[in-house]
file target_31.txt (compact mmCIF, C-alpha atoms and all ligand atoms)
# COMPACT_ATOMS: atom_id res chain seq x y z
CA MET A 11 0.00 0.00 0.00
CA ILE A 12 1.38 3.40 -1.00
CA PRO A 13 -0.89 6.26 0.14
CA PHE A 14 -0.95 9.47 -1.89
CA LEU A 15 0.37 11.34 1.13
CA ASP A 16 0.72 10.48 4.82
CA LEU A 17 1.36 13.60 6.88
CA ARG A 18 2.03 11.56 10.00
CA ASP A 19 5.25 10.23 8.44
CA ALA A 20 6.62 13.78 8.21
CA TYR A 21 5.75 14.37 11.86
CA LEU A 22 7.30 11.10 13.02
CA GLU A 23 10.58 11.87 11.26
CA LEU A 24 10.96 15.09 13.29
CA LYS A 25 8.85 14.17 16.31
CA GLY A 26 11.46 14.94 18.97
CA ASP A 27 12.19 18.44 17.65
CA ILE A 28 8.57 19.28 16.86
CA ASP A 29 7.34 18.15 20.28
CA ALA A 30 10.06 20.20 21.97
CA ALA A 31 9.18 23.29 19.91
CA VAL A 32 5.47 23.04 20.70
CA LEU A 33 6.14 22.50 24.40
CA ARG A 34 8.50 25.49 24.41
CA VAL A 35 5.60 27.71 23.25
CA LEU A 36 3.14 26.18 25.73
CA ASP A 37 5.66 26.65 28.51
CA GLY A 38 6.51 30.21 27.46
CA GLY A 39 3.02 31.50 28.29
CA TRP A 40 2.80 33.77 25.19
CA TYR A 41 0.16 32.52 22.75
CA ILE A 42 -0.48 35.31 20.21
CA MET A 43 2.31 36.72 17.97
CA GLY A 44 5.53 37.26 19.96
CA ASP A 45 9.11 36.01 19.61
CA GLU A 46 8.35 32.72 17.94
CA VAL A 47 6.41 34.41 15.11
CA GLU A 48 9.07 37.09 14.70
CA ALA A 49 11.85 34.51 14.60
CA PHE A 50 10.07 32.49 11.93
CA GLU A 51 9.41 35.65 9.89
CA ALA A 52 13.10 36.57 10.00
CA GLU A 53 14.21 33.04 9.09
CA TRP A 54 11.67 32.73 6.27
CA ALA A 55 12.59 36.11 4.78
CA ALA A 56 16.27 35.16 4.86
CA TYR A 57 15.59 31.76 3.27
CA CYS A 58 13.53 33.37 0.48
CA GLY A 59 16.03 36.16 -0.12
CA ALA A 60 13.36 38.76 0.64
CA SER A 61 13.66 41.86 2.81
CA HIS A 62 10.43 41.19 4.72
CA ALA A 63 8.22 38.29 5.74
CA VAL A 64 4.89 38.63 7.53
CA GLY A 65 3.07 35.61 8.94
CA VAL A 66 -0.71 35.33 8.56
CA ALA A 67 -3.32 32.70 9.34
CA ASN A 68 -3.40 30.82 6.00
CA GLY A 69 -2.55 31.03 2.32
CA LEU A 70 -5.89 32.44 1.20
CA ASP A 71 -5.56 35.29 3.69
CA ALA A 72 -2.02 35.94 2.45
CA LEU A 73 -3.44 36.52 -1.05
CA VAL A 74 -6.39 38.57 0.20
CA LEU A 75 -4.23 40.80 2.41
CA ALA A 76 -1.65 41.24 -0.37
CA LEU A 77 -4.39 42.47 -2.73
CA ARG A 78 -5.81 44.72 0.00
CA ALA A 79 -2.34 46.13 0.70
CA LEU A 80 -2.22 47.09 -2.98
CA ASP A 81 -5.64 48.80 -2.61
CA ILE A 82 -7.22 46.45 -5.13
CA GLY A 83 -10.98 46.19 -4.77
CA ALA A 84 -14.37 46.74 -6.37
CA GLY A 85 -14.25 47.70 -10.05
CA ASP A 86 -10.73 46.34 -10.50
CA GLU A 87 -9.66 43.36 -12.60
CA VAL A 88 -6.93 40.92 -11.68
CA ILE A 89 -5.40 38.48 -14.15
CA VAL A 90 -5.28 34.93 -12.80
CA PRO A 91 -4.45 31.52 -14.27
CA ALA A 92 -7.47 29.68 -15.70
CA HIS A 93 -5.82 26.49 -14.41
CA THR A 94 -5.14 26.77 -10.68
CA PHE A 95 -6.48 25.88 -7.25
CA VAL A 96 -9.62 27.94 -6.73
CA ALA A 97 -8.09 29.91 -3.81
CA THR A 98 -6.20 32.11 -6.28
CA TRP A 99 -9.54 33.28 -7.72
CA LEU A 100 -11.33 33.39 -4.37
CA ALA A 101 -8.80 35.92 -3.06
CA VAL A 102 -9.58 38.24 -5.97
CA SER A 103 -13.33 37.85 -5.44
CA ALA A 104 -12.92 38.37 -1.69
CA VAL A 105 -11.63 41.92 -2.20
CA GLY A 106 -14.49 42.65 -4.61
CA ALA A 107 -12.36 42.58 -7.78
CA ARG A 108 -12.98 40.44 -10.87
CA PRO A 109 -10.73 37.49 -11.69
CA VAL A 110 -9.79 37.52 -15.40
CA PRO A 111 -8.54 34.08 -16.43
CA VAL A 112 -5.69 33.34 -18.82
CA GLU A 113 -5.00 29.89 -20.25
CA PRO A 114 -1.90 27.88 -19.25
CA ASP A 115 1.21 27.02 -21.18
CA PRO A 116 0.47 23.37 -22.06
CA VAL A 117 4.01 22.28 -21.21
CA THR A 118 4.37 23.70 -17.68
CA PHE A 119 0.66 24.14 -16.82
CA ASN A 120 1.54 27.66 -15.57
CA ILE A 121 -0.09 30.85 -16.84
CA ASP A 122 0.95 31.50 -20.45
CA PRO A 123 2.67 34.91 -20.39
CA TRP A 124 2.08 35.37 -24.12
CA ARG A 125 -1.70 35.34 -23.64
CA ILE A 126 -1.79 37.88 -20.81
CA GLU A 127 -1.73 41.07 -22.84
CA ALA A 128 -4.95 40.14 -24.67
CA ALA A 129 -6.72 39.82 -21.29
CA MET A 130 -5.74 43.31 -20.10
CA THR A 131 -8.21 46.19 -19.96
CA ASP A 132 -7.99 49.65 -18.45
CA ARG A 133 -9.37 48.14 -15.24
CA THR A 134 -6.51 45.63 -14.87
CA ARG A 135 -4.57 46.28 -11.66
CA ALA A 136 -2.52 43.16 -11.05
CA ILE A 137 -1.33 39.81 -12.39
CA VAL A 138 -1.28 36.78 -10.08
CA PRO A 139 0.98 34.05 -11.47
CA VAL A 140 0.81 30.75 -9.58
CA HIS A 141 3.90 28.54 -9.35
CA LEU A 142 1.76 25.49 -9.85
CA TYR A 143 2.86 22.02 -8.72
CA GLY A 144 6.12 23.60 -7.47
CA GLN A 145 7.42 24.85 -10.82
CA PRO A 146 7.94 28.63 -11.15
CA ALA A 147 5.79 30.49 -13.64
CA ASP A 148 7.74 32.36 -16.32
CA LEU A 149 8.14 35.58 -14.33
CA ASP A 150 10.36 37.72 -16.57
CA PRO A 151 7.84 38.24 -19.40
CA ILE A 152 5.11 38.78 -16.78
CA LEU A 153 7.18 41.45 -15.03
CA ALA A 154 7.99 43.01 -18.40
CA LEU A 155 4.27 43.34 -19.12
CA ALA A 156 3.42 44.63 -15.64
CA ARG A 157 6.16 47.15 -14.87
CA PRO A 158 5.65 49.71 -17.66
CA ARG A 159 1.88 49.64 -17.08
CA GLY A 160 2.13 50.09 -13.31
CA LEU A 161 0.47 46.74 -12.63
CA ALA A 162 1.34 44.78 -9.50
CA VAL A 163 2.65 41.22 -9.68
CA VAL A 164 1.32 39.14 -6.77
CA GLU A 165 2.83 35.65 -6.77
CA ASP A 166 0.82 32.72 -5.46
CA ALA A 167 3.71 30.62 -4.16
CA ALA A 168 1.62 28.23 -2.07
CA GLN A 169 3.20 25.25 -3.87
CA ALA A 170 6.72 26.57 -4.45
CA HIS A 171 8.70 26.78 -1.18
CA GLY A 172 12.37 26.85 -2.17
CA ALA A 173 11.79 26.68 -5.94
CA ARG A 174 14.20 28.69 -8.06
CA TYR A 175 13.53 30.82 -11.14
CA LYS A 176 16.71 31.56 -13.13
CA GLY A 177 18.86 30.66 -10.14
CA ARG A 178 17.05 32.78 -7.54
CA ARG A 179 14.57 31.44 -4.99
CA ILE A 180 10.94 32.45 -5.28
CA GLY A 181 10.27 35.11 -2.65
CA ALA A 182 10.68 38.61 -4.06
CA HIS A 183 10.59 38.63 -7.87
CA GLY A 184 7.16 40.25 -7.98
CA ASP A 185 5.80 42.98 -5.71
CA ILE A 186 4.56 40.54 -3.10
CA VAL A 187 4.70 36.75 -2.75
CA CYS A 188 2.00 34.77 -0.95
CA TRP A 189 2.65 31.54 0.93
CA SER A 190 0.52 28.81 2.41
CA PHE A 191 1.92 26.58 5.13
CA TYR A 192 -1.08 24.26 5.05
CA PRO A 193 0.05 20.83 6.36
CA GLY A 194 0.30 19.23 2.90
CA LYS A 195 2.47 21.97 1.37
CA ASN A 196 6.23 21.54 0.98
CA LEU A 197 6.71 23.61 4.15
CA GLY A 198 3.68 22.65 6.19
CA ALA A 199 2.55 23.47 9.71
CA MET A 200 0.45 21.18 11.95
CA GLY A 201 -2.61 23.25 11.13
CA ASP A 202 -3.39 26.37 9.09
CA ALA A 203 -0.67 28.95 8.53
CA GLY A 204 0.43 31.37 5.81
CA GLY A 205 2.55 34.41 5.08
CA ILE A 206 3.86 36.92 2.60
CA THR A 207 7.37 37.90 1.55
CA THR A 208 8.33 41.09 -0.25
CA ASP A 209 11.14 43.57 -0.82
CA ARG A 210 8.63 46.42 -0.53
CA ALA A 211 8.58 47.87 3.00
CA ASP A 212 5.27 49.66 2.31
CA LEU A 213 3.47 46.41 1.46
CA ALA A 214 5.00 44.49 4.37
CA GLU A 215 3.86 47.23 6.74
CA LYS A 216 0.32 47.24 5.33
CA VAL A 217 -0.06 43.47 5.65
CA ARG A 218 1.31 43.72 9.22
CA LEU A 219 -1.42 46.25 10.00
CA LEU A 220 -4.23 44.42 8.21
CA ARG A 221 -3.53 41.03 9.81
CA ASN A 222 -3.85 42.45 13.33
CA TYR A 223 -7.08 44.49 13.42
CA GLY A 224 -5.44 47.35 11.49
CA SER A 225 -3.58 48.17 14.65
CA ARG A 226 0.04 49.07 15.22
CA ARG A 227 -0.49 50.03 18.84
CA LYS A 228 -3.01 48.24 21.03
CA TYR A 229 -6.50 49.79 20.78
CA VAL A 230 -5.42 52.27 18.05
CA HIS A 231 -6.95 51.26 14.70
CA GLU A 232 -5.80 52.91 11.47
CA VAL A 233 -7.53 50.69 8.91
CA ALA A 234 -10.30 48.08 8.90
CA GLY A 235 -8.05 45.10 9.51
CA VAL A 236 -8.87 41.50 10.26
CA ASN A 237 -7.66 38.84 12.66
CA SER A 238 -5.29 36.79 10.51
CA ARG A 239 -2.28 36.22 12.74
CA LEU A 240 0.21 33.38 12.44
CA ASP A 241 -0.15 31.13 15.50
CA PRO A 242 3.12 30.93 17.49
CA ILE A 243 2.74 27.17 17.91
CA GLN A 244 2.63 26.85 14.13
CA ALA A 245 5.56 29.27 13.80
CA ALA A 246 7.60 27.07 16.15
CA VAL A 247 6.77 23.97 14.07
CA LEU A 248 7.64 25.79 10.85
CA ARG A 249 11.03 26.81 12.27
CA VAL A 250 11.84 23.14 12.87
CA LYS A 251 10.67 22.07 9.43
CA LEU A 252 12.41 24.94 7.63
CA ARG A 253 15.75 23.40 8.63
CA HIS A 254 14.80 20.32 6.59
CA LEU A 255 13.17 22.02 3.62
CA ASP A 256 16.11 21.75 1.22
CA ASP A 257 16.85 18.16 2.19
CA TRP A 258 13.20 17.26 1.71
CA ALA A 259 13.14 19.05 -1.67
CA ASP A 260 16.13 16.92 -2.71
CA ARG A 261 14.17 13.79 -1.83
CA ARG A 262 11.24 15.04 -3.90
CA ARG A 263 13.65 15.67 -6.81
CA ALA A 264 15.06 12.17 -6.54
CA LEU A 265 11.55 10.73 -6.54
CA ALA A 266 10.57 12.85 -9.57
CA ALA A 267 13.66 11.61 -11.42
CA ALA A 268 12.74 8.02 -10.54
CA TYR A 269 9.18 8.54 -11.83
CA GLY A 270 10.64 9.95 -15.04
CA ASP A 271 12.74 6.80 -15.50
CA ALA A 272 10.07 4.32 -14.49
CA LEU A 273 7.32 5.88 -16.62
CA LYS A 274 9.26 6.89 -19.74
CA ASP A 275 7.63 4.16 -21.85
CA SER A 276 4.24 4.28 -20.14
CA GLY A 277 2.52 6.43 -22.76
CA LEU A 278 1.74 9.02 -20.07
CA ILE A 279 2.64 12.65 -20.68
CA LEU A 280 5.20 13.33 -17.96
CA PRO A 281 5.92 16.71 -16.36
CA ARG A 282 8.49 18.86 -18.09
CA VAL A 283 10.73 21.46 -16.50
CA ALA A 284 11.12 24.76 -18.33
CA GLU A 285 14.65 26.02 -18.91
CA GLY A 286 15.90 28.13 -16.00
CA ASN A 287 13.51 26.53 -13.53
CA GLN A 288 14.38 24.48 -10.49
CA PRO A 289 11.03 23.14 -9.28
CA VAL A 290 10.37 21.64 -5.84
CA TRP A 291 7.86 19.01 -6.99
CA HIS A 292 4.97 19.85 -4.71
CA LEU A 293 3.08 17.46 -6.99
CA TYR A 294 4.13 15.00 -9.69
CA VAL A 295 1.37 15.41 -12.25
CA VAL A 296 1.03 13.18 -15.29
CA ARG A 297 -1.47 13.37 -18.11
CA SER A 298 -3.46 10.81 -20.08
CA PRO A 299 -6.77 10.73 -21.99
CA GLU A 300 -7.38 7.47 -20.05
CA ARG A 301 -6.91 9.13 -16.69
CA ASP A 302 -9.94 7.68 -14.92
CA ARG A 303 -9.20 4.10 -15.96
CA LEU A 304 -5.52 4.40 -14.98
CA MET A 305 -6.40 5.85 -11.58
CA GLY A 306 -8.63 2.86 -11.04
CA LEU A 307 -5.74 0.52 -11.79
CA LEU A 308 -3.48 2.33 -9.35
CA ALA A 309 -6.19 2.09 -6.71
CA ASP A 310 -6.50 -1.67 -7.36
CA ALA A 311 -2.76 -1.95 -6.74
CA GLY A 312 -3.07 -0.04 -3.45
CA ILE A 313 -1.45 3.12 -4.81
CA GLY A 314 -3.08 6.47 -4.01
CA SER A 315 -3.43 9.11 -6.70
CA GLN A 316 -5.38 12.37 -6.83
CA ILE A 317 -6.56 15.00 -9.32
CA HIS A 318 -5.24 18.57 -9.18
CA TYR A 319 -7.78 19.88 -10.07
CA PRO A 320 -10.91 18.16 -11.37
CA ILE A 321 -13.04 21.29 -12.04
CA PRO A 322 -11.47 24.52 -13.34
CA PRO A 323 -12.52 27.66 -11.45
CA HIS A 324 -14.43 29.10 -14.43
CA MET A 325 -16.70 26.02 -14.31
CA GLN A 326 -17.32 26.19 -10.56
CA GLY A 327 -20.79 27.14 -9.37
CA THR A 328 -19.38 29.99 -7.37
CA TYR A 329 -18.23 31.65 -10.63
CA ALA A 330 -21.42 31.08 -12.65
CA GLY A 331 -22.04 34.82 -12.27
CA LEU A 332 -18.97 35.66 -14.36
CA GLY A 333 -20.79 34.22 -17.36
CA TYR A 334 -18.12 31.91 -18.73
CA ALA A 335 -18.96 28.80 -20.75
CA PRO A 336 -16.89 25.63 -20.16
CA GLU A 337 -15.38 25.93 -23.66
CA ASP A 338 -14.15 29.49 -23.07
CA PHE A 339 -10.95 28.03 -21.60
CA PRO A 340 -10.53 24.78 -23.53
CA LEU A 341 -6.97 24.03 -22.42
CA SER A 342 -7.83 24.31 -18.74
CA ARG A 343 -10.93 22.23 -19.27
CA GLN A 344 -8.94 19.52 -21.07
CA ILE A 345 -6.21 19.48 -18.42
CA ALA A 346 -8.86 18.98 -15.73
CA VAL A 347 -10.07 15.76 -17.37
CA GLU A 348 -6.59 14.36 -18.14
CA VAL A 349 -4.25 15.06 -15.19
CA PHE A 350 -3.59 12.96 -12.12
CA SER A 351 -0.94 13.12 -9.43
CA MET A 352 1.36 10.36 -8.20
CA PRO A 353 2.34 9.84 -4.56
CA MET A 354 4.91 12.56 -3.90
CA GLY A 355 6.65 13.76 -0.77
CA PRO A 356 9.85 13.37 1.23
CA GLN A 357 8.45 10.35 3.07
CA VAL A 358 7.01 8.57 0.02
CA PRO A 359 8.91 5.27 -0.33
CA PRO A 360 11.52 5.27 -3.13
CA GLU A 361 9.91 2.15 -4.59
CA ALA A 362 6.71 4.07 -5.46
CA PRO A 363 7.70 4.83 -9.09
CA GLU A 364 8.46 1.17 -9.79
CA ALA A 365 5.18 0.13 -8.16
CA VAL A 366 3.30 2.62 -10.35
CA ARG A 367 5.08 1.32 -13.44
CA ARG A 368 4.14 -2.27 -12.64
CA ALA A 369 0.52 -1.40 -11.87
CA LEU A 370 0.12 0.38 -15.19
CA GLU A 371 2.07 -2.21 -17.17
CA ARG A 372 -0.10 -5.02 -15.89
CA ALA A 373 -3.02 -2.93 -17.09
CA THR A 374 -1.83 -2.54 -20.65
CA THR A 375 -0.94 -6.23 -21.06
CA ARG A 376 -4.34 -7.26 -19.74
CA ALA A 377 -6.17 -4.88 -22.10
C1 LIG B 1 -2.99 25.74 -0.87
C2 LIG B 1 -3.12 26.82 -1.85
C3 LIG B 1 -3.70 28.07 -1.53
C4 LIG B 1 -4.40 28.36 -0.23
O1 LIG B 1 -3.72 28.08 0.92
P1 LIG B 1 -4.51 27.80 2.30
O2 LIG B 1 -3.42 27.87 3.30
O3 LIG B 1 -5.14 26.47 2.19
O4 LIG B 1 -5.51 28.89 2.47
C5 LIG B 1 -3.68 29.07 -2.48
N1 LIG B 1 -3.18 28.86 -3.71
C6 LIG B 1 -2.66 27.66 -4.07
C7 LIG B 1 -2.10 27.51 -5.45
C8 LIG B 1 -2.62 26.61 -3.16
O5 LIG B 1 -2.10 25.44 -3.54

call {"tool": "encode", "arguments": {"input": "target_31.txt", "output": "structure tokens"}}
result
Amino acid sequence: MIPFLDLRDAYLELKGDIDAAVLRVLDGGWYIMGDEVEAFEAEWAAYCGASHAVGVANGLDALVLALRALDIGAGDEVIVPAHTFVATWLAVSAVGARPVPVEPDPVTFNIDPWRIEAAMTDRTRAIVPVHLYGQPADLDPILALARPRGLAVVEDAAQAHGARYKGRRIGAHGDIVCWSFYPGKNLGAMGDAGGITTDRADLAEKVRLLRNYGSRRKYVHEVAGVNSRLDPIQAAVLRVKLRHLDDWADRRRALAAAYGDALKDSGLILPRVAEGNQPVWHLYVVRSPERDRLMGLLADAGIGSQIHYPIPPHMQGTYAGLGYAPEDFPLSRQIAVEVFSMPMGPQVPPEAPEAVRRALERATTRA
């Protein structure tokens, strides 16, 4: 049996250190913000090569507060990938702006920079590339479109902890970079957690205000903020796990390479890495017109697989009001019916790729 992901394995590997970190917070008697949060923010900013990091409650809030810090709201349009996890769109809707989808590059599954210009209007305020599955989006052409027009670039890096674009870690290429530390992400807490990184002091300061009731000093409120603080217990856990992030990314890379070898003659379309990218393999996503049948065969062999994502945002009920037809974004629609993800993670056994190969091979000979 190879589950798609078992989060307990990650905990067990670091149990001693994680338990000690959690107990340190419990024992310290300080349960909101404080030293542990500040220490994680400093360590995360340094790791990402960004001037500032601000912890928040989750990845969706990181996106929402980043857009709010940029004063994006009602009447504005924000360019988003048509193929992404729905949170990217929900953040735009949450601030009252309109998500404007752009189809992916069929090779990387990331937003296709060459289709962005056609989606711009005089209401466009920002572009939100997502580094999907752990592979950086092609940021240079996106920045080249945004900068001369005064548009903000807000990166959704929820799947890209430690990934590199042209040699430099994701963390401050765009105006502001949004992170999720949801347990299943490459850097995951033991509950909800999120954050932003940026080189812009003005944006860091605004997110700092917004996450804590719009207050710099207790009981003095400058803006209508929210309660979206990073929990110090989660910060303490993240500090432990951050020390292992690169090692765990190496294990993911080794597993991805092994999948590439094992599945090269499988007939599946395997993930491809764009030149200049060093992905961190949040997911190992393959593609086949026979997806549903193949997933059934993996399940029969006791191997977990999942779909990221089965329904594109423009076809979700929540976005019926935008008036899109399914065929308006045909690539995203096609990807949603053909992709599936293999077991991937630092604790996934190294024999998983070979087990997948055998399960699928047995299938083709039987057919
Ligand atoms: C996980 C994820 C989010 C949201 O993060 P939460 O912490 O679950 O709110 C946003 N965007 C993408 C691409 C994600 O994968």

call {"tool": "residues_around", "arguments": {"input": "target_31.txt", "residues": "A:Gly38", "least_positions_apart": "6", "cutoff": "12 Å", "atoms": "all atoms listed in the file", "output": "short mmCIF file (atom, residue, chain, number, x, y, z; two decimals) with C-alpha atoms, in the coordinates of the input"}}
result
data_model
loop_
_atom_site.label_atom_id
_atom_site.label_comp_id
_atom_site.auth_asym_id
_atom_site.auth_seq_id
_atom_site.Cartn_x
_atom_site.Cartn_y
_atom_site.Cartn_z
CA ALA A 30 10.06 20.20 21.97
CA ALA A 31 9.18 23.29 19.91
CA VAL A 32 5.47 23.04 20.70
CA GLY A 44 5.53 37.26 19.96
CA ASP A 45 9.11 36.01 19.61
CA GLU A 46 8.35 32.72 17.94
CA PRO A 242 3.12 30.93 17.49
CA ILE A 243 2.74 27.17 17.91
CA ALA A 246 7.60 27.07 16.15
#

call {"tool": "residues_near_ligand", "arguments": {"input": "target_31.txt", "ligand": "ligand LIG 1 (chain B)", "cutoff": "8 Å", "atoms": "only C-alpha atoms and all ligand atoms", "output": "PyMOL selection string"}}
result
chain A and resi 67-73+94-98+140-143+166-169+189-192+195+202-204

call {"tool": "residues_near_point", "arguments": {"input": "target_31.txt", "point": "(-4.8, 44.3, -4.2)", "cutoff": "10 Å", "atoms": "all atoms listed in the file", "output": "list in words"}}
result
Leu73, Val74, Leu75, Ala76, Leu77, Arg78, Ala79, Leu80, Asp81, Ile82, Gly83, Asp86, Glu87, Val88, Ala101, Val102, Val105, Gly106, Ala107, Arg135, Ala136, Ile137, Ala162, Val163 and Val164 of chain A

call {"tool": "residues_around", "arguments": {"input": "target_31.txt", "residues": "A:Pro151", "least_positions_apart": "4", "cutoff": "9 Å", "atoms": "only C-alpha atoms", "output": "ChimeraX atom specification"}}
result
/A:123-124,155-156

call {"tool": "axis_aligned_box", "arguments": {"input": "target_31.txt", "around": "stretch 91-102 of chain A", "padding_each_side": "4 Å", "output": "AutoDock Vina command-line options"}}
result
--center_x -7.9 --center_y 32.1 --center_z -9.4 --size_x 14.9 --size_y 20.4 --size_z 20.6

call {"tool": "atom_distance", "arguments": {"input": "target_31.txt", "atom1": "atom CA of A:Ala52", "atom2": "atom CA of A:Arg179"}}
result
15.9 Å

call {"tool": "closest_residue", "arguments": {"input": "target_31.txt", "among": "A:Ile180, A:Leu36, A:Met130, A:Leu240", "to": "A:Leu149", "atoms": "all atoms listed in the file"}}
result
A:Ile180

call {"tool": "closest_residue", "arguments": {"input": "target_31.txt", "among": "A:Ala264, A:Ala362, A:Met11, A:Ala369", "to": "A:Leu304", "atoms": "all atoms listed in the file"}}
result
A:Ala369

call {"tool": "closest_residue", "arguments": {"input": "target_31.txt", "among": "A:Ser342, A:Asn237, A:Gln357, A:Gln244", "to": "A:Val47", "atoms": "all atoms listed in the file"}}
result
A:Gln244

call {"tool": "atom_distance", "arguments": {"input": "target_31.txt", "atom1": "atom CA of A:Tyr223", "atom2": "atom CA of A:Ala104"}}
result
17.3 Å
